[in-house]
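Asker: If it helps, the file is called data14.cif and holds mmCIF, C-alpha atoms:
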```cif
data_protein
loop_
_atom_site.label_atom_id
_atom_site.label_comp_id
_atom_site.auth_asym_id
_atom_site.auth_seq_id
_atom_site.Cartn_x
_atom_site.Cartn_y
_atom_site.Cartn_z
CA MET A 1 -112.21 154.97 48.90
CA GLY A 2 -112.88 151.57 47.33
CA ILE A 3 -111.35 148.35 48.56
CA LEU A 4 -109.31 147.96 45.36
CA ASN A 5 -107.49 151.19 46.16
CA THR A 6 -105.86 149.40 49.10
CA ALA A 7 -104.28 146.72 46.88
CA THR A 8 -100.50 146.25 47.08
CA THR A 9 -98.00 144.48 44.83
CA GLY A 10 -94.71 142.69 45.28
CA ARG A 11 -93.41 140.18 47.77
CA VAL A 12 -94.09 140.66 51.47
CA LYS A 13 -91.12 139.43 53.48
CA ARG A 14 -92.14 138.42 56.99
CA PRO A 15 -90.57 136.49 59.90
CA HIS A 16 -90.28 132.75 59.28
CA LEU A 17 -93.32 130.56 60.04
CA VAL A 18 -91.92 127.04 59.96
CA LEU A 19 -92.99 123.51 60.87
CA ILE A 20 -90.25 120.89 61.16
CA TYR A 21 -91.18 117.27 61.89
CA GLY A 22 -89.47 113.92 61.86
CA PRO A 23 -88.54 110.95 64.06
CA ASP A 24 -87.18 111.50 67.55
CA GLY A 25 -83.48 112.31 67.82
CA VAL A 26 -83.11 113.52 64.24
CA GLY A 27 -82.04 117.05 65.25
CA LYS A 28 -85.20 119.16 65.28
CA SER A 29 -84.38 120.94 68.56
CA THR A 30 -80.78 121.52 67.48
CA PHE A 31 -82.08 123.10 64.27
CA ALA A 32 -84.32 125.45 66.29
CA ALA A 33 -81.52 126.24 68.76
CA SER A 34 -79.44 127.71 65.93
CA ALA A 35 -82.21 130.12 64.91
CA PRO A 36 -81.84 133.81 65.90
CA ASN A 37 -82.09 134.25 69.70
CA PRO A 38 -84.74 131.57 70.36
CA VAL A 39 -86.95 130.98 73.40
CA PHE A 40 -88.32 127.45 73.83
CA PHE A 41 -91.85 127.07 75.19
CA GLY A 42 -92.54 123.73 76.87
CA ALA A 43 -89.09 122.44 76.03
CA GLU A 44 -88.79 118.66 76.22
CA SER A 45 -85.83 116.78 77.66
CA GLY A 46 -84.25 116.78 74.22
CA THR A 47 -82.96 120.31 74.85
CA ASN A 48 -81.23 119.49 78.15
CA GLU A 49 -77.83 119.44 76.44
CA LEU A 50 -78.50 122.61 74.45
CA ASP A 51 -77.60 126.09 75.63
CA VAL A 52 -81.05 127.63 75.10
CA THR A 53 -83.59 129.70 77.01
CA ARG A 54 -86.62 127.70 78.17
CA VAL A 55 -89.97 128.74 79.59
CA GLN A 56 -91.74 126.00 81.53
CA ILE A 57 -95.36 125.80 80.35
CA LYS A 58 -97.56 123.56 82.45
CA SER A 59 -101.05 124.38 81.16
CA PHE A 60 -102.92 125.72 78.17
CA LYS A 61 -103.47 128.94 80.10
CA ASP A 62 -99.71 129.26 80.67
CA LEU A 63 -99.20 128.85 76.94
CA THR A 64 -101.72 131.53 75.92
CA GLU A 65 -100.41 133.94 78.55
CA GLY A 66 -96.83 133.31 77.41
CA LEU A 67 -97.76 134.05 73.79
CA ASP A 68 -99.48 137.26 74.87
CA GLU A 69 -96.46 138.35 76.93
CA LEU A 70 -94.17 137.97 73.92
CA CYS A 71 -96.24 140.75 72.33
CA THR A 72 -96.61 143.00 75.38
CA GLN A 73 -93.52 142.56 77.58
CA PRO A 74 -89.99 143.80 76.75
CA HIS A 75 -87.56 141.06 75.67
CA ASN A 76 -84.76 140.37 73.18
CA PHE A 77 -86.08 137.13 71.71
CA LYS A 78 -86.27 136.85 67.94
CA THR A 79 -87.63 133.30 67.59
CA LEU A 80 -90.40 131.40 69.37
CA VAL A 81 -90.02 127.61 69.42
CA LEU A 82 -92.89 125.31 70.40
CA ASP A 83 -91.14 122.06 71.28
CA THR A 84 -93.15 120.02 70.48
CA LEU A 85 -96.70 120.14 69.07
CA ASP A 86 -97.22 116.69 70.60
CA TRP A 87 -96.73 118.41 73.97
CA VAL A 88 -99.13 121.22 73.03
CA GLU A 89 -101.78 118.64 72.16
CA LYS A 90 -101.63 117.23 75.68
CA LEU A 91 -102.22 120.72 77.10
CA VAL A 92 -105.12 121.24 74.69
CA VAL A 93 -106.81 117.98 75.69
CA LYS A 94 -106.39 118.72 79.40
CA GLN A 95 -107.87 122.19 78.84
CA VAL A 96 -110.94 120.64 77.23
CA PHE A 97 -111.35 118.16 80.09
CA ASP A 98 -111.06 120.93 82.67
CA THR A 99 -113.45 123.37 81.01
CA VAL A 100 -116.02 121.22 79.21
CA LYS A 101 -117.81 118.94 81.64
CA LEU A 102 -119.96 115.95 80.79
CA PRO A 103 -123.77 116.26 81.15
CA ASN A 104 -123.54 114.66 84.59
CA GLY A 105 -121.00 117.27 85.69
CA LYS A 106 -118.09 114.83 85.77
CA THR A 107 -114.72 115.32 84.08
CA ALA A 108 -114.08 113.32 80.93
CA ASP A 109 -111.32 110.72 80.87
CA GLY A 110 -111.01 110.78 77.07
CA VAL A 111 -112.30 112.77 74.11
CA GLU A 112 -114.59 109.87 73.22
CA ASP A 113 -116.52 110.39 76.48
CA TYR A 114 -118.28 113.41 74.99
CA GLY A 115 -119.90 111.27 72.31
CA TYR A 116 -120.70 111.93 68.65
CA GLY A 117 -117.19 113.23 67.99
CA LYS A 118 -117.80 116.33 70.14
CA GLY A 119 -114.55 115.86 72.05
CA ARG A 120 -112.52 116.07 68.86
CA VAL A 121 -114.43 119.20 67.87
CA TYR A 122 -113.63 120.82 71.24
CA THR A 123 -109.92 120.08 70.89
CA PHE A 124 -109.89 121.32 67.30
CA GLU A 125 -111.50 124.60 68.37
CA ALA A 126 -108.89 125.03 71.12
CA TRP A 127 -106.13 124.59 68.53
CA GLN A 128 -107.83 127.16 66.31
CA SER A 129 -107.81 129.67 69.16
CA LEU A 130 -103.99 129.57 69.16
CA ILE A 131 -103.69 130.80 65.56
CA PRO A 132 -104.51 134.49 66.24
CA ARG A 133 -102.04 134.54 69.14
CA LEU A 134 -99.29 133.04 66.97
CA ASP A 135 -100.11 135.61 64.28
CA ALA A 136 -99.70 138.37 66.86
CA VAL A 137 -96.30 137.00 67.89
CA ARG A 138 -95.18 136.94 64.26
CA ASP A 139 -96.52 140.46 63.67
CA HIS A 140 -94.40 141.49 66.65
CA GLY A 141 -91.33 140.48 64.61
CA LEU A 142 -90.55 136.96 65.90
CA ASN A 143 -89.88 133.88 63.81
CA ILE A 144 -92.10 130.95 64.78
CA LEU A 145 -90.75 127.39 64.72
CA LEU A 146 -93.16 124.55 65.38
CA LEU A 147 -91.48 121.20 66.05
CA ALA A 148 -93.30 117.87 65.93
CA HIS A 149 -92.69 114.15 65.85
CA SER A 150 -93.64 111.91 62.96
CA MET A 151 -95.43 108.59 62.93
CA VAL A 152 -95.91 105.98 60.23
CA LYS A 153 -99.55 105.69 59.26
CA LYS A 154 -101.58 104.00 56.53
CA PHE A 155 -102.68 106.51 53.90
CA GLU A 156 -105.67 105.74 51.70
CA ASP A 157 -104.72 107.53 48.51
CA PRO A 158 -107.79 107.93 46.25
CA GLN A 159 -105.46 107.93 43.21
CA THR A 160 -104.20 104.41 43.89
CA PRO A 161 -106.07 101.09 44.11
CA GLN A 162 -104.76 100.53 47.63
CA GLY A 163 -103.28 102.56 50.45
CA TYR A 164 -99.67 102.73 51.57
CA ASP A 165 -97.65 103.68 54.63
CA ARG A 166 -96.30 107.21 54.94
CA PHE A 167 -94.81 109.52 57.56
CA SER A 168 -97.45 111.79 59.11
CA LEU A 169 -97.62 114.39 61.85
CA LYS A 170 -98.21 112.87 65.26
CA LEU A 171 -101.36 114.94 65.82
CA GLN A 172 -105.12 114.50 65.80
CA ASP A 173 -106.55 113.98 62.33
CA GLY A 174 -110.02 113.50 60.93
CA ALA A 175 -112.38 114.74 58.25
CA LYS A 176 -113.49 117.97 59.98
CA THR A 177 -111.22 118.01 63.03
CA ASP A 178 -107.84 117.51 61.35
CA VAL A 179 -105.32 119.34 63.55
CA ALA A 180 -102.42 118.07 61.43
CA ALA A 181 -103.96 119.65 58.31
CA LEU A 182 -104.73 122.87 60.20
CA VAL A 183 -101.09 123.29 61.16
CA ARG A 184 -99.73 122.34 57.73
CA GLU A 185 -102.01 124.83 56.01
CA TYR A 186 -101.17 127.60 58.47
CA VAL A 187 -97.39 127.66 58.09
CA ASP A 188 -95.31 128.82 55.11
CA PHE A 189 -92.90 125.90 55.28
CA VAL A 190 -93.35 122.25 56.24
CA GLY A 191 -90.05 120.41 56.37
CA PHE A 192 -89.71 116.67 56.89
CA VAL A 193 -86.34 115.63 58.34
CA ASN A 194 -85.02 112.10 58.27
CA TYR A 195 -81.87 110.04 57.95
CA ARG A 196 -81.08 108.87 54.45
CA THR A 197 -81.83 105.16 54.21
CA GLU A 198 -81.29 102.69 51.39
CA THR A 199 -82.20 99.05 50.95
CA SER A 200 -80.05 96.29 49.55
CA SER A 201 -80.85 95.17 46.03
CA GLU A 202 -80.36 91.62 47.26
CA ASP A 203 -82.48 91.88 50.41
CA THR A 204 -85.05 94.70 50.48
CA ARG A 205 -85.94 93.76 54.09
CA ARG A 206 -82.68 95.26 55.31
CA GLY A 207 -82.13 99.01 55.53
CA PHE A 208 -78.76 100.72 55.44
CA GLY A 209 -77.81 104.28 56.32
CA GLY A 210 -75.48 106.47 58.26
CA SER A 211 -75.65 109.84 59.96
CA GLU A 212 -76.46 111.85 56.83
CA ARG A 213 -79.77 113.66 57.13
CA SER A 214 -81.90 115.65 54.69
CA LEU A 215 -84.59 118.30 54.96
CA PHE A 216 -87.32 117.59 52.41
CA THR A 217 -89.33 120.59 51.23
CA GLU A 218 -91.89 119.16 48.79
CA ARG A 219 -94.62 116.57 49.26
CA ARG A 220 -93.93 112.98 48.25
CA PRO A 221 -95.94 109.77 48.64
CA ALA A 222 -93.83 108.90 51.70
CA PHE A 223 -94.38 112.18 53.58
CA ASP A 224 -95.97 115.64 53.66
CA ALA A 225 -93.88 118.76 53.02
CA LYS A 226 -94.35 122.13 51.37
CA ASN A 227 -92.71 125.49 50.85
CA ARG A 228 -93.91 128.78 49.41
CA PHE A 229 -90.50 129.95 48.25
CA GLY A 230 -89.58 127.67 45.34
CA LEU A 231 -86.88 125.85 47.32
CA PRO A 232 -85.10 122.75 46.00
CA SER A 233 -86.98 119.61 46.94
CA GLU A 234 -84.17 118.53 49.32
CA LEU A 235 -81.71 120.47 51.45
CA PRO A 236 -78.76 119.24 53.54
CA PHE A 237 -79.47 119.00 57.28
CA PRO A 238 -76.05 119.05 58.98
CA LYS A 239 -75.60 118.47 62.70
CA THR A 240 -74.61 122.11 63.14
CA GLY A 241 -75.74 125.09 61.12
CA ALA A 242 -78.91 123.52 59.65
CA TRP A 243 -80.85 126.72 60.28
CA ASN A 244 -78.32 128.70 58.22
CA VAL A 245 -78.66 126.25 55.34
CA TYR A 246 -82.43 126.70 55.37
CA ALA A 247 -82.37 130.50 55.87
CA GLN A 248 -79.78 131.06 53.14
CA ALA A 249 -81.81 128.94 50.71
CA VAL A 250 -84.91 131.03 51.44
CA ASP A 251 -82.95 134.27 51.04
CA LYS A 252 -81.66 133.04 47.70
CA CYS A 253 -85.24 132.42 46.57
CA HIS A 254 -86.30 135.88 47.74
CA ALA A 255 -83.48 137.38 45.68
CA ARG A 256 -84.81 135.86 42.46
CA PRO A 257 -86.95 137.93 40.09
CA GLU A 258 -90.61 137.62 40.96
CA GLY A 259 -92.62 135.02 39.12
CA PRO A 260 -93.96 131.50 39.66
CA GLY A 261 -90.74 130.66 41.53
CA PHE A 262 -89.54 127.78 39.37
CA THR A 263 -85.88 127.76 38.33
CA ALA A 264 -83.83 125.40 36.23
CA GLU A 265 -81.74 124.69 39.34
CA ALA A 266 -84.78 123.64 41.39
CA LEU A 267 -86.18 121.50 38.56
CA THR A 268 -82.81 119.82 38.07
CA ALA A 269 -82.76 118.88 41.76
CA LEU A 270 -86.22 117.37 41.37
CA ALA A 271 -85.18 115.59 38.18
CA ASP A 272 -82.38 113.86 40.10
CA GLN A 273 -85.09 111.65 41.62
CA VAL A 274 -85.84 110.16 38.19
CA THR A 275 -83.92 106.89 38.29
CA ASP A 276 -84.49 105.81 34.68
CA GLN A 277 -81.61 107.38 32.75
CA ALA A 278 -83.44 107.73 29.43
CA ARG A 279 -86.40 109.39 31.06
CA ARG A 280 -84.14 111.66 33.07
CA LEU A 281 -82.35 112.81 29.89
CA LYS A 282 -85.71 113.77 28.40
CA VAL A 283 -86.53 115.71 31.55
CA MET A 284 -83.22 117.59 31.41
CA ASP A 285 -83.82 118.39 27.74
CA ALA A 286 -87.25 119.82 28.61
CA ILE A 287 -85.70 121.97 31.34
CA LYS A 288 -83.06 123.23 28.89
CA GLN A 289 -85.68 124.10 26.28
CA ALA A 290 -87.73 125.97 28.90
CA GLY A 291 -84.78 128.27 29.55
CA THR A 292 -85.85 131.12 31.82
CA ASP A 293 -89.45 131.28 30.58
CA PRO A 294 -91.51 131.17 33.82
CA VAL A 295 -94.58 129.69 32.11
CA LYS A 296 -92.60 126.85 30.53
CA LEU A 297 -90.69 126.20 33.77
CA ALA A 298 -93.97 126.03 35.68
CA SER A 299 -95.32 123.56 33.13
CA VAL A 300 -92.24 121.34 33.41
CA HIS A 301 -92.43 121.52 37.22
CA ALA A 302 -96.09 120.45 37.31
CA ARG A 303 -95.52 117.47 35.02
CA LEU A 304 -92.27 116.45 36.69
CA LEU A 305 -93.79 116.66 40.17
CA ALA A 306 -96.73 114.51 39.06
CA LEU A 307 -94.31 112.04 37.49
CA VAL A 308 -92.29 111.65 40.70
CA SER A 309 -95.27 111.73 43.08
CA ALA A 310 -97.02 109.03 41.08
CA GLY A 311 -94.01 106.75 41.43
CA LYS A 312 -93.38 106.73 37.68
CA GLU A 313 -89.80 107.93 37.88
CA LYS A 314 -88.44 104.42 37.46
CA ALA A 315 -88.01 102.58 34.19
CA PRO A 316 -91.06 100.62 32.98
CA ALA A 317 -91.12 96.92 33.81
CA PRO A 318 -89.39 94.76 31.14
CA VAL A 319 -91.55 92.89 28.64
CA ALA A 320 -90.91 89.88 26.44
CA PRO A 321 -88.81 90.66 23.33
CA ALA A 322 -91.61 89.63 20.98
CA ALA A 323 -94.13 91.94 22.59
CA PRO A 324 -94.62 95.44 21.21
CA ALA A 325 -92.99 98.33 23.04
CA PRO A 326 -95.01 99.32 26.09
CA ALA A 327 -97.17 102.39 25.76
CA THR A 328 -95.78 105.43 27.44
CA GLU A 329 -97.06 106.15 30.91
CA ASP A 330 -96.75 109.86 30.36
CA ALA A 331 -100.35 110.20 29.22
CA ALA A 332 -101.30 110.07 32.90
CA VAL A 333 -99.05 113.00 33.70
CA PRO A 334 -100.81 116.42 33.69
CA GLN A 335 -99.76 118.32 30.60
CA GLY A 336 -98.92 121.99 30.27
CA PRO A 337 -99.57 124.19 27.23
CA ALA A 338 -99.00 122.34 24.00
CA ASP A 339 -96.16 124.62 22.95
CA ALA A 340 -94.54 124.91 26.35
CA VAL A 341 -92.37 121.81 26.65
CA PRO A 342 -91.82 118.51 24.92
CA SER A 343 -94.55 115.98 25.70
CA THR A 344 -92.12 113.10 26.06
CA ILE A 345 -90.94 113.45 29.66
#
```
Give the structure from this file in structure tokens form.

Answerer:
Amino acid sequence: MGILNTATTGRVKRPHLVLIYGPDGVGKSTFAASAPNPVFFGAESGTNELDVTRVQIKSFKDLTEGLDELCTQPHNFKTLVLDTLDWVEKLVVKQVFDTVKLPNGKTADGVEDYGYGKGRVYTFEAWQSLIPRLDAVRDHGLNILLLAHSMVKKFEDPQTPQGYDRFSLKLQDGAKTDVAALVREYVDFVGFVNYRTETSSEDTRRGFGGSERSLFTERRPAFDAKNRFGLPSELPFPKTGAWNVYAQAVDKCHARPEGPGFTAEALTALADQVTDQARRLKVMDAIKQAGTDPVKLASVHARLLALVSAGKEKAPAPVAPAAPAPATEDAAVPQGPADAVPSTI
């Protein structure tokens, strides 16, 4: 029997594989606590006030054995929570120090002691060894929630003349030893959680905000995020019931007819980020013309996402009255098929 005879079609619905990150105290552990029957591995002090089950993990060996036991021992857990990946990284580094000695037989004090970037390679390989074990836990029917803290870091964007600050995972990065990228690529959903903050039009050095929080599901210049379900770019993140908001949104996406996953509702939510009213009206007109055609919706989504990600959602800078009208910036936006949508958004 040939390999093509084993091909399958249709969606494959599996337990959730989720990464949630954001600043400390934003509600990541509370989100995980509301998931179906969770067990927290390596729970930090942030769960002390939560009524959850915790397993104290003190070493990398404890962690691997705990993951194996979830697949071999009887239990009623439905969700595994690693709280947090920052904590896992400490276990990984200690494991490397304990098992990989320096040429003189001594124990390293830092990954740099190994020289030539070898320490970072060792830690990256240890992280990679966790992936098959997490896959086994998921295959056993458990959701997997990975929680992590964020940090603000300079990002050198090759598409811009200079870098800018953005929220990033508080994990080891690097060209070939990028743990943050490994984790992001592995999961189905990367959600960035933060409080909504605004600046005063009179003094941009002052930030204002309250207790309202949002779960962002698509990448923006300010942070990384992704989802494989076609979710709206932003979801509410209430103090209680945030897991239900997320899970119901995913279920709603699963209930849609199969296709690229772009809906007028999702594109409208993304279009809300376009602050220039005239440009936003053109976007809404393009969405309306696309109707339910999946190819046209996908084309609008690609161009709209590029528009927002490139920071071109605002109105062009004013020019002197005598000067000719500024050329449209839309030429820089990736275009879809010529007959798919208007070329004016």

Asker: Please build the interface table for region 79-158 of chain A against region 173-185 of chain A with a cut-off of 10 Å, listing for each qualifying residue the nearest atom pair and the distance in Å to one decimal; count only C-alpha atoms, order rows by chain and increasing number, and write it as a tab-separated table.

Answerer:
```
residue	atom	partner	partner_atom	distance
A:Leu85	CA	A:Val183	CA	9.6
A:Glu89	CA	A:Val179	CA	9.3
A:Gly117	CA	A:Thr177	CA	9.1
A:Lys118	CA	A:Thr177	CA	9.8
A:Gly119	CA	A:Thr177	CA	9.9
A:Arg120	CA	A:Thr177	CA	6.3
A:Val121	CA	A:Thr177	CA	5.9
A:Tyr122	CA	A:Thr177	CA	9.0
A:Thr123	CA	A:Thr177	CA	8.2
A:Phe124	CA	A:Thr177	CA	5.6
A:Glu125	CA	A:Thr177	CA	8.5
A:Trp127	CA	A:Val179	CA	7.3
A:Gln128	CA	A:Leu182	CA	8.1
A:Ile131	CA	A:Val183	CA	9.1
A:Leu146	CA	A:Val183	CA	9.1
```

Asker: For the atom pair CA of Val12 (chain A) and CA of Ala269 (chain A), what is the interatomic distance in Å to one decimal place?

Answerer: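 Atom-to-atom, CA of Val12 (chain A) to CA of Ala269 (chain A), that is 26.4 Å.
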
Asker: Between CA of Asp83 (chain A) and CA of Ala148 (chain A), what is the distance in Å, rounded to a tenth?

Answerer: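 Atom-to-atom, CA of Asp83 (chain A) to CA of Ala148 (chain A), that is 7.1 Å.
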
Asker: Here is a test: counting all atoms listed in the file, which residue of A:Leu145, A:Leu19, A:Ala290, A:Val111 is nearest to Val93 (chain A)?

Answerer: A:Val111

Asker: The centre and edge lengths of an axis-aligned box containing all atoms of region 225-242 of chain A present in the file, extended by 8 Å on each side, are to be given in Å to one decimal, as AutoDock Vina command-line options.

Answerer:
```
--center_x -84.5 --center_y 124.2 --center_z 54.2 --size_x 35.7 --size_y 27.5 --size_z 33.8
```

Asker: Just the number, please: distance in Å from CA of Gly22 (chain A) to CA of Ala255 (chain A), one decimal.

Answerer: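 So the two atoms, CA of Gly22 (chain A) and CA of Ala255 (chain A), lie 29.1 Å apart.
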
Asker: When distances are computed from only C-alpha atoms, which of A:Phe60, A:Phe40, A:Tyr246, A:Phe97 shows the smallest separation from Leu80 (chain A)?

Answerer: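 That would be A:Phe40, the residue with the smallest distance to Leu80 (chain A).
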
Asker: Between A:Trp243, A:Val18, A:Leu63, A:Lys170, which one has atoms that come closest to Lys226 (chain A), using all atoms listed in the file?

Answerer: A:Val18

Asker: Which of these, A:Ala222, A:Val193, A:Leu17, A:Val283, has the shortest distance to Asp157 (chain A) once you count only C-alpha atoms?

Answerer: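 Under the stated criterion, the closest residue is A:Ala222.
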
Asker: How would you write, as number ranges by chain, the residues chosen by the PyMOL selection byres ((chain A and resi 76) around 12) on this structure?

Answerer: A: 36-39, 53, 70-71, 73-75, 77-80, 140-142

Asker: Residues at most 8 Å from Pro236 (chain A), counting all atoms listed in the file, excluding those fewer than 3 positions away in the same chain, as a count of residues only?

Answerer: 5

Asker: Apply the PyMOL selection byres ((chain A and resi 272) around 12) to the structure shown and report the selected residues as a list in words.

Answerer: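 Matching residues under the PyMOL selection byres ((chain A and resi 272) around 12) are Pro232, Ser233, Glu234, Glu265, Ala266, Leu267, Thr268, Ala269, Leu270, Ala271, Gln273, Val274, Thr275, Asp276, Gln277, Arg279, Arg280, Leu281, Val283, Met284, Leu304, Leu305, Val308, Glu313 and Lys314 of chain A.
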